[in-house]
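Below: one structure, written as structure tokens.
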Amino acid sequence: MQTLPLLSAAAAALAAIPAALTVANLRVFLPPPPDPSTGQGTSLAGPRVSVLVPARNEAAAIGRCAEAVLASRGVTLELVVLDDGSTDGTDAIVERVAAADPRVRLVRGRPLPPGWCGKQHACAQLAEAAAHDTWVFLDTDVSLSPDAVARSLAFLDASGAALVSGFPRQITGSFLEWLLLPLIHFVLLGFLPIARSRSDRSPGLAAGCGQLFVTRRADYATAGGHAAIRASLHDGIKLPRAYRRAGFRTDIFDATGIARCRMYTRSADVWSGLSKNATEGIGAPATILPFTLLLAGGQLLPPLLVATGLATGWRGWPSWAVAASVLATVATFLPRLLEAVRFRHSVSSACAHPLGIAVFLVIQWHALARRLLGLKTSWRGRSLTPQ
């Protein structure tokens, strides 16, 4: 029993870190500026931009994605879709869209070379095919609002960064989507000092979302583009790091109001998708132990301590330890509740936050164990070698 008060002090300290950072970050993690072309009408006005979409077996999503992109206003755009060996008719859908709109082009992907991840190879080919010098890399499961492209370009200009990335609103359906996908914002805002990351070009402070990147041709070439991260499974982290290693600034913005994404549709896909990326992020050998300490100590331990205290009537607990445990629990749930309001997450998911963290940590350790054992993961019909 004497150890419980000490644990309450540790839990309070560990819970305070992401709570304080989240409150600070919510003030600087902002939506992009308003559409500069508001009131000017058509999609044929404004800056020239190539929207670049890699697609592999995306027949269910590519039509909706293309329709949203083509409704963009305030920009002169082309939509370039690379079909990466699809077997479900994705290419036929793009061909039909292209026949109806000359702004659309279909590029057929080349065979995947050794040492390349499929998405990075597809994006590198899209860069070769782009006609304009400003690019938006977009995943097929992202649906944009009509002002999304123009506002994303406005953020790129205003930020002064060479690469910017937007975090769309995550639409959830299945249990693990509901439980785990809101943790994208929790991890981002709870552990990255965004203000510092904007002034410090260290690769270790890089962040991004692979669903929506904006850059320019010259900067992309200098940073090495997707060829610099050819073997990576996690462009959200690795591409900003490549830009920073080349001396560039990168930045992020809140795309909740201009983009929405249904990343997965089944719990099994959530597990596979998060496992695929884990060992290049939190589940990497160098980071998994400190993050397990931070997450287990600051997000799981506080409610367990309060439950223990309530079950025992707090017998033997000094008053300061009771207060520390309660405050730690408040700090555990505060970021998720604030994010539920700001990013339109489920409040019930926020209330299940400790369970989400527990499952999230299991996925990280499971992914690391598979990597250490040399086991391969399959994604989009391809076998992926752990990096």
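As shown in the structure tokens, the chain order sets the letters A, B, ...; within each chain, residues go from 1, and ligands are also counted from 1 in the order they appear.
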
| Using only C-alpha atoms, which residues sit within 12 Å of Leu334 (chain A) once same-chain residues fewer than 3 positions away are excluded, as an MDAnalysis selection string? | chainID A and resid 15:23 186 190 299 327:331 337:341 347 350:351 353

Writing out the chosen residues with C-alpha atoms as a PDB file, in the first residue's frame:
```pdb
ATOM      1  CA  ALA A  15      -0.514  12.452 -17.347  1.00  0.00           C
ATOM      2  CA  ALA A  16       0.303  16.158 -17.118  1.00  0.00           C
ATOM      3  CA  ILE A  17       2.710  16.046 -20.086  1.00  0.00           C
ATOM      4  CA  PRO A  18       0.203  15.273 -22.884  1.00  0.00           C
ATOM      5  CA  ALA A  19      -2.533  17.271 -21.167  1.00  0.00           C
ATOM      6  CA  ALA A  20      -0.441  20.441 -21.043  1.00  0.00           C
ATOM      7  CA  LEU A  21       0.930  19.953 -24.565  1.00  0.00           C
ATOM      8  CA  THR A  22      -2.548  19.343 -25.964  1.00  0.00           C
ATOM      9  CA  VAL A  23      -3.917  22.541 -24.455  1.00  0.00           C
ATOM     10  CA  PHE A 186      -4.103  12.468 -29.173  1.00  0.00           C
ATOM     11  CA  GLY A 190      -0.006  15.228 -26.780  1.00  0.00           C
ATOM     12  CA  GLN A 299      -3.112   7.098 -19.426  1.00  0.00           C
ATOM     13  CA  LEU A 327      -6.042  15.114 -10.877  1.00  0.00           C
ATOM     14  CA  ALA A 328      -4.060  12.586 -12.891  1.00  0.00           C
ATOM     15  CA  THR A 329      -7.296  10.945 -14.012  1.00  0.00           C
ATOM     16  CA  VAL A 330      -8.738  14.313 -15.008  1.00  0.00           C
ATOM     17  CA  ALA A 331      -5.561  14.991 -16.985  1.00  0.00           C
ATOM     18  CA  LEU A 337     -12.618  15.388 -24.425  1.00  0.00           C
ATOM     19  CA  LEU A 338     -11.172  18.623 -25.830  1.00  0.00           C
ATOM     20  CA  GLU A 339     -10.293  16.822 -29.056  1.00  0.00           C
ATOM     21  CA  ALA A 340     -13.757  15.280 -29.285  1.00  0.00           C
ATOM     22  CA  VAL A 341     -15.216  18.777 -29.409  1.00  0.00           C
ATOM     23  CA  VAL A 347     -17.400  11.477 -26.868  1.00  0.00           C
ATOM     24  CA  ALA A 350     -13.029   9.594 -25.454  1.00  0.00           C
ATOM     25  CA  CYS A 351     -14.571   8.022 -22.357  1.00  0.00           C
ATOM     26  CA  HIS A 353      -9.662   6.249 -23.744  1.00  0.00           C
TER      27      HIS A 353
END
```

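Secondary structure from DSSP on the backbone puts strand (DSSP E or B) at the following positions of region 196-379 of chain A: Leu212, Phe213, Val214, Thr215, Arg216, Thr250, Asp251, Ile252, Phe253, Asp254, Ala255, Thr256, Gly257, Ile258, Ala259, Arg260, Cys261, Thr377, Ser378 and Trp379 of chain A.
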
Can you write out the residues you just picked, keeping C-alpha atoms, as a short mmCIF file (atom, residue, chain, number, x, y, z; two decimals), in the first residue's frame?
```cif
data_model
loop_
_atom_site.label_atom_id
_atom_site.label_comp_id
_atom_site.auth_asym_id
_atom_site.auth_seq_id
_atom_site.Cartn_x
_atom_site.Cartn_y
_atom_site.Cartn_z
CA LEU A 212 -2.79 14.85 -47.56
CA PHE A 213 0.57 16.41 -48.47
CA VAL A 214 1.21 19.68 -50.33
CA THR A 215 4.57 20.66 -51.83
CA ARG A 216 6.30 22.16 -54.86
CA THR A 250 7.67 21.36 -42.72
CA ASP A 251 4.34 22.17 -41.11
CA ILE A 252 0.93 20.68 -40.34
CA PHE A 253 -2.61 22.02 -40.23
CA ASP A 254 -6.06 21.00 -39.07
CA ALA A 255 -8.01 19.76 -42.10
CA THR A 256 -11.11 18.74 -40.14
CA GLY A 257 -13.28 21.31 -41.90
CA ILE A 258 -12.06 20.67 -45.45
CA ALA A 259 -11.36 16.94 -45.70
CA ARG A 260 -12.84 13.73 -44.37
CA CYS A 261 -11.41 10.23 -44.52
CA THR A 377 2.84 -8.37 -43.42
CA SER A 378 0.46 -8.32 -46.37
CA TRP A 379 -1.22 -5.07 -47.45
#
```

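With only C-alpha atoms as the basis for measurement, A:Trp135 is the residue among A:Phe333, A:Ser37, A:Trp135, A:Arg241 that approaches Ser50 (chain A) most closely.
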
| note | In Å and to one decimal, CA of Arg217 (chain A) is distant from CA of Arg96 (chain A) by 28.5 Å

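In this model, the gap between CA of Leu14 (chain A) and CA of Ser272 (chain A) comes to 28.9 Å.
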
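By chain and then residue number, the residues within 8 Å of region 282-290 of chain A are A:Ala278, A:Thr279, A:Glu280, A:Thr292, A:Leu293, A:Leu294, A:Gln364, A:Trp365, A:Ala367, A:Leu368, counting only C-alpha atoms and disregarding those fewer than 2 positions away in sequence.
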
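Closest approach to Ala130 (chain A) among A:Ala231, A:Leu144, A:Ala195, A:Leu82: A:Leu82, based on only C-alpha atoms.
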
| request: Would you kindly return, as a ChimeraX atom specification, each protein, DNA or RNA residue with an atom no farther than 12 Å from any atom of Leu188 (chain A), considering only C-alpha atoms and excluding same-chain residues fewer than 4 positions away? | output: /A:18-19,21-22,25-26,29,167,181-184,192-194,197,205-209,236-237,252-254,281-282,335-336,339

Okay, now the selection with C-alpha atoms, as a PDB file, in the first residue's frame?
```
ATOM      1  CA  PRO A  18       0.203  15.273 -22.884  1.00  0.00           C
ATOM      2  CA  ALA A  19      -2.533  17.271 -21.167  1.00  0.00           C
ATOM      3  CA  LEU A  21       0.930  19.953 -24.565  1.00  0.00           C
ATOM      4  CA  THR A  22      -2.548  19.343 -25.964  1.00  0.00           C
ATOM      5  CA  ASN A  25      -1.105  22.801 -29.266  1.00  0.00           C
ATOM      6  CA  LEU A  26      -4.813  23.384 -29.754  1.00  0.00           C
ATOM      7  CA  PHE A  29      -2.805  23.666 -34.687  1.00  0.00           C
ATOM      8  CA  PHE A 167      -5.022  15.956 -40.853  1.00  0.00           C
ATOM      9  CA  LEU A 181      -8.473   6.292 -34.822  1.00  0.00           C
ATOM     10  CA  PRO A 182      -9.129   9.324 -32.577  1.00  0.00           C
ATOM     11  CA  LEU A 183      -5.745   8.531 -31.020  1.00  0.00           C
ATOM     12  CA  ILE A 184      -4.152  10.046 -34.147  1.00  0.00           C
ATOM     13  CA  LEU A 192       4.721  16.970 -30.375  1.00  0.00           C
ATOM     14  CA  PRO A 193       5.482  20.587 -29.379  1.00  0.00           C
ATOM     15  CA  ILE A 194       4.093  22.130 -32.558  1.00  0.00           C
ATOM     16  CA  SER A 197       8.645  22.142 -34.456  1.00  0.00           C
ATOM     17  CA  LEU A 205      10.224  17.050 -34.660  1.00  0.00           C
ATOM     18  CA  ALA A 206       8.766  16.163 -38.057  1.00  0.00           C
ATOM     19  CA  ALA A 207       5.115  15.204 -38.340  1.00  0.00           C
ATOM     20  CA  GLY A 208       2.646  14.702 -41.127  1.00  0.00           C
ATOM     21  CA  CYS A 209      -0.345  12.748 -42.346  1.00  0.00           C
ATOM     22  CA  GLY A 236       3.409  10.471 -42.757  1.00  0.00           C
ATOM     23  CA  ILE A 237       6.560  10.518 -40.640  1.00  0.00           C
ATOM     24  CA  ILE A 252       0.930  20.683 -40.335  1.00  0.00           C
ATOM     25  CA  PHE A 253      -2.613  22.019 -40.226  1.00  0.00           C
ATOM     26  CA  ASP A 254      -6.062  20.999 -39.066  1.00  0.00           C
ATOM     27  CA  GLY A 281       6.846   5.272 -35.291  1.00  0.00           C
ATOM     28  CA  ILE A 282       5.986   4.522 -31.679  1.00  0.00           C
ATOM     29  CA  PRO A 335      -7.145  15.930 -23.976  1.00  0.00           C
ATOM     30  CA  ARG A 336      -9.543  13.423 -25.478  1.00  0.00           C
ATOM     31  CA  GLU A 339     -10.293  16.822 -29.056  1.00  0.00           C
TER      32      GLU A 339
END
```

| query | Do you know which residues are at most 12 Å from Val326 (chain A) counting only C-alpha atoms, after dropping those on the same chain fewer than 2 positions away, and could you put them as a PyMOL selection string? | reply | chain A and resi 5+8-9+11-12+15+301-310+314+319-324+328-333

Export, as a PDB file, in the first residue's frame, the selected residues with N, CA and C atoms.
```pdb
ATOM      1  N   PRO A   5       0.779   5.581  -3.093  1.00  0.00           N
ATOM      2  CA  PRO A   5       0.934   7.037  -3.147  1.00  0.00           C
ATOM      3  C   PRO A   5       2.078   7.475  -4.061  1.00  0.00           C
ATOM      4  N   SER A   8       0.913   7.329  -7.519  1.00  0.00           N
ATOM      5  CA  SER A   8      -0.005   8.421  -7.848  1.00  0.00           C
ATOM      6  C   SER A   8       0.764   9.677  -8.247  1.00  0.00           C
ATOM      7  N   ALA A   9       1.890   9.931  -7.598  1.00  0.00           N
ATOM      8  CA  ALA A   9       2.708  11.094  -7.969  1.00  0.00           C
ATOM      9  C   ALA A   9       3.293  10.910  -9.360  1.00  0.00           C
ATOM     10  N   ALA A  11       2.077   9.000 -11.752  1.00  0.00           N
ATOM     11  CA  ALA A  11       0.977   9.042 -12.718  1.00  0.00           C
ATOM     12  C   ALA A  11       0.570  10.472 -13.019  1.00  0.00           C
ATOM     13  N   ALA A  12       0.520  11.306 -11.980  1.00  0.00           N
ATOM     14  CA  ALA A  12       0.143  12.707 -12.189  1.00  0.00           C
ATOM     15  C   ALA A  12       1.146  13.411 -13.090  1.00  0.00           C
ATOM     16  N   ALA A  15       0.742  12.021 -16.718  1.00  0.00           N
ATOM     17  CA  ALA A  15      -0.514  12.452 -17.347  1.00  0.00           C
ATOM     18  C   ALA A  15      -0.493  13.934 -17.681  1.00  0.00           C
ATOM     19  N   LEU A 301      -2.535   4.099 -15.779  1.00  0.00           N
ATOM     20  CA  LEU A 301      -2.356   4.037 -14.330  1.00  0.00           C
ATOM     21  C   LEU A 301      -3.302   4.959 -13.550  1.00  0.00           C
ATOM     22  N   PRO A 302      -3.534   6.205 -13.958  1.00  0.00           N
ATOM     23  CA  PRO A 302      -4.400   7.077 -13.139  1.00  0.00           C
ATOM     24  C   PRO A 302      -5.794   6.518 -12.875  1.00  0.00           C
ATOM     25  N   PRO A 303      -6.557   6.072 -13.894  1.00  0.00           N
ATOM     26  CA  PRO A 303      -7.876   5.519 -13.559  1.00  0.00           C
ATOM     27  C   PRO A 303      -7.798   4.233 -12.741  1.00  0.00           C
ATOM     28  N   LEU A 304      -6.730   3.449 -12.932  1.00  0.00           N
ATOM     29  CA  LEU A 304      -6.568   2.252 -12.106  1.00  0.00           C
ATOM     30  C   LEU A 304      -6.346   2.624 -10.645  1.00  0.00           C
ATOM     31  N   LEU A 305      -5.557   3.670 -10.409  1.00  0.00           N
ATOM     32  CA  LEU A 305      -5.328   4.117  -9.030  1.00  0.00           C
ATOM     33  C   LEU A 305      -6.609   4.620  -8.388  1.00  0.00           C
ATOM     34  N   VAL A 306      -7.392   5.394  -9.141  1.00  0.00           N
ATOM     35  CA  VAL A 306      -8.660   5.891  -8.596  1.00  0.00           C
ATOM     36  C   VAL A 306      -9.602   4.732  -8.306  1.00  0.00           C
ATOM     37  N   ALA A 307      -9.657   3.747  -9.217  1.00  0.00           N
ATOM     38  CA  ALA A 307     -10.513   2.583  -8.979  1.00  0.00           C
ATOM     39  C   ALA A 307     -10.063   1.829  -7.726  1.00  0.00           C
ATOM     40  N   THR A 308      -8.736   1.694  -7.566  1.00  0.00           N
ATOM     41  CA  THR A 308      -8.211   1.024  -6.375  1.00  0.00           C
ATOM     42  C   THR A 308      -8.546   1.803  -5.113  1.00  0.00           C
ATOM     43  N   GLY A 309      -8.366   3.126  -5.164  1.00  0.00           N
ATOM     44  CA  GLY A 309      -8.672   3.949  -4.001  1.00  0.00           C
ATOM     45  C   GLY A 309     -10.140   3.879  -3.614  1.00  0.00           C
ATOM     46  N   LEU A 310     -11.025   3.934  -4.613  1.00  0.00           N
ATOM     47  CA  LEU A 310     -12.462   3.864  -4.315  1.00  0.00           C
ATOM     48  C   LEU A 310     -12.830   2.505  -3.741  1.00  0.00           C
ATOM     49  N   TRP A 314      -9.799   4.428   0.129  1.00  0.00           N
ATOM     50  CA  TRP A 314      -8.593   5.252   0.256  1.00  0.00           C
ATOM     51  C   TRP A 314      -7.884   5.036   1.592  1.00  0.00           C
ATOM     52  N   SER A 319      -3.666  12.436   1.968  1.00  0.00           N
ATOM     53  CA  SER A 319      -4.591  13.273   1.193  1.00  0.00           C
ATOM     54  C   SER A 319      -3.975  13.763  -0.107  1.00  0.00           C
ATOM     55  N   TRP A 320      -2.664  14.034  -0.087  1.00  0.00           N
ATOM     56  CA  TRP A 320      -2.033  14.526  -1.320  1.00  0.00           C
ATOM     57  C   TRP A 320      -2.042  13.449  -2.408  1.00  0.00           C
ATOM     58  N   ALA A 321      -1.930  12.182  -2.028  1.00  0.00           N
ATOM     59  CA  ALA A 321      -1.939  11.098  -2.997  1.00  0.00           C
ATOM     60  C   ALA A 321      -3.329  10.914  -3.588  1.00  0.00           C
ATOM     61  N   VAL A 322      -4.361  11.081  -2.764  1.00  0.00           N
ATOM     62  CA  VAL A 322      -5.738  11.027  -3.281  1.00  0.00           C
ATOM     63  C   VAL A 322      -5.938  12.130  -4.322  1.00  0.00           C
ATOM     64  N   ALA A 323      -5.514  13.359  -3.965  1.00  0.00           N
ATOM     65  CA  ALA A 323      -5.665  14.486  -4.894  1.00  0.00           C
ATOM     66  C   ALA A 323      -4.868  14.256  -6.170  1.00  0.00           C
ATOM     67  N   ALA A 324      -3.656  13.716  -6.034  1.00  0.00           N
ATOM     68  CA  ALA A 324      -2.813  13.477  -7.207  1.00  0.00           C
ATOM     69  C   ALA A 324      -3.451  12.452  -8.132  1.00  0.00           C
ATOM     70  N   ALA A 328      -4.657  13.338 -11.798  1.00  0.00           N
ATOM     71  CA  ALA A 328      -4.060  12.586 -12.891  1.00  0.00           C
ATOM     72  C   ALA A 328      -5.130  11.994 -13.793  1.00  0.00           C
ATOM     73  N   THR A 329      -6.205  11.516 -13.212  1.00  0.00           N
ATOM     74  CA  THR A 329      -7.296  10.945 -14.012  1.00  0.00           C
ATOM     75  C   THR A 329      -7.989  12.021 -14.833  1.00  0.00           C
ATOM     76  N   VAL A 330      -8.175  13.196 -14.249  1.00  0.00           N
ATOM     77  CA  VAL A 330      -8.738  14.313 -15.008  1.00  0.00           C
ATOM     78  C   VAL A 330      -7.826  14.656 -16.183  1.00  0.00           C
ATOM     79  N   ALA A 331      -6.520  14.689 -15.921  1.00  0.00           N
ATOM     80  CA  ALA A 331      -5.561  14.991 -16.985  1.00  0.00           C
ATOM     81  C   ALA A 331      -5.537  13.907 -18.058  1.00  0.00           C
ATOM     82  N   THR A 332      -5.840  12.678 -17.683  1.00  0.00           N
ATOM     83  CA  THR A 332      -5.898  11.588 -18.652  1.00  0.00           C
ATOM     84  C   THR A 332      -7.009  11.809 -19.672  1.00  0.00           C
ATOM     85  N   PHE A 333      -8.183  12.175 -19.184  1.00  0.00           N
ATOM     86  CA  PHE A 333      -9.345  12.298 -20.067  1.00  0.00           C
ATOM     87  C   PHE A 333      -9.475  13.675 -20.713  1.00  0.00           C
TER      88      PHE A 333
END
```

| field | Exercise: His121 (chain A) partners within 12 Å, only C-alpha atoms, chain neighbours under 2 positions left out, as a ChimeraX atom specification | value | /A:54-56,82-84,109-119,123-128,225-233,235

| request: Can you work out the spacing between CA of Leu180 (chain A) and CA of Arg342 (chain A) in Å, to one decimal? | output: 17.0 Å

| Among region 62-112 of chain A, which residues carry a DSSP assignment of alpha helix (DSSP H), reported as a PyMOL selection string? | chain A and resi 62-70+90-100

Just-selected residues, N, CA and C atoms written as a short mmCIF file (atom, residue, chain, number, x, y, z; two decimals), in the first residue's frame:
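Written out: result_22.cif:
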```cif
data_model
loop_
_atom_site.label_atom_id
_atom_site.label_comp_id
_atom_site.auth_asym_id
_atom_site.auth_seq_id
_atom_site.Cartn_x
_atom_site.Cartn_y
_atom_site.Cartn_z
N ILE A 62 -12.44 5.48 -55.54
CA ILE A 62 -11.80 6.39 -56.48
C ILE A 62 -12.79 7.33 -57.16
N GLY A 63 -13.99 6.86 -57.45
CA GLY A 63 -14.97 7.72 -58.09
C GLY A 63 -15.37 8.88 -57.21
N ARG A 64 -15.62 8.59 -55.93
CA ARG A 64 -15.98 9.64 -54.99
C ARG A 64 -14.84 10.62 -54.78
N CYS A 65 -13.63 10.10 -54.68
CA CYS A 65 -12.46 10.96 -54.51
C CYS A 65 -12.31 11.90 -55.70
N ALA A 66 -12.42 11.36 -56.93
CA ALA A 66 -12.25 12.17 -58.13
C ALA A 66 -13.34 13.23 -58.24
N GLU A 67 -14.57 12.86 -57.93
CA GLU A 67 -15.68 13.82 -58.01
C GLU A 67 -15.44 15.01 -57.09
N ALA A 68 -14.95 14.74 -55.88
CA ALA A 68 -14.69 15.82 -54.93
C ALA A 68 -13.55 16.71 -55.41
N VAL A 69 -12.48 16.11 -55.93
CA VAL A 69 -11.35 16.91 -56.42
C VAL A 69 -11.79 17.80 -57.58
N LEU A 70 -12.55 17.26 -58.50
CA LEU A 70 -12.97 18.01 -59.69
C LEU A 70 -13.96 19.12 -59.38
N THR A 90 -10.41 -0.49 -60.92
CA THR A 90 -10.10 0.91 -60.59
C THR A 90 -9.75 1.70 -61.84
N ASP A 91 -8.93 1.12 -62.70
CA ASP A 91 -8.50 1.84 -63.90
C ASP A 91 -9.67 2.16 -64.82
N ALA A 92 -10.62 1.26 -64.94
CA ALA A 92 -11.77 1.50 -65.80
C ALA A 92 -12.61 2.67 -65.29
N ILE A 93 -12.74 2.78 -63.99
CA ILE A 93 -13.49 3.89 -63.41
C ILE A 93 -12.80 5.21 -63.73
N VAL A 94 -11.48 5.25 -63.57
CA VAL A 94 -10.74 6.48 -63.86
C VAL A 94 -10.83 6.82 -65.34
N GLU A 95 -10.78 5.83 -66.19
CA GLU A 95 -10.91 6.08 -67.63
C GLU A 95 -12.25 6.72 -67.97
N ARG A 96 -13.31 6.26 -67.33
CA ARG A 96 -14.63 6.85 -67.57
C ARG A 96 -14.68 8.29 -67.10
N VAL A 97 -14.09 8.56 -65.95
CA VAL A 97 -14.06 9.94 -65.46
C VAL A 97 -13.23 10.81 -66.40
N ALA A 98 -12.11 10.29 -66.87
CA ALA A 98 -11.24 11.04 -67.78
C ALA A 98 -11.93 11.33 -69.11
N ALA A 99 -12.76 10.40 -69.56
CA ALA A 99 -13.47 10.61 -70.82
C ALA A 99 -14.47 11.77 -70.71
N ALA A 100 -14.95 12.01 -69.49
CA ALA A 100 -15.93 13.07 -69.28
C ALA A 100 -15.30 14.39 -68.86
#
```

| message | With only C-alpha atoms as the counted atoms, please give the residues lying no more than 8 Å from region 157-160 of chain A, apart from itself and same-chain residues fewer than 2 positions off, as a PyMOL selection string. | response | chain A and resi 153-155+162+249+251
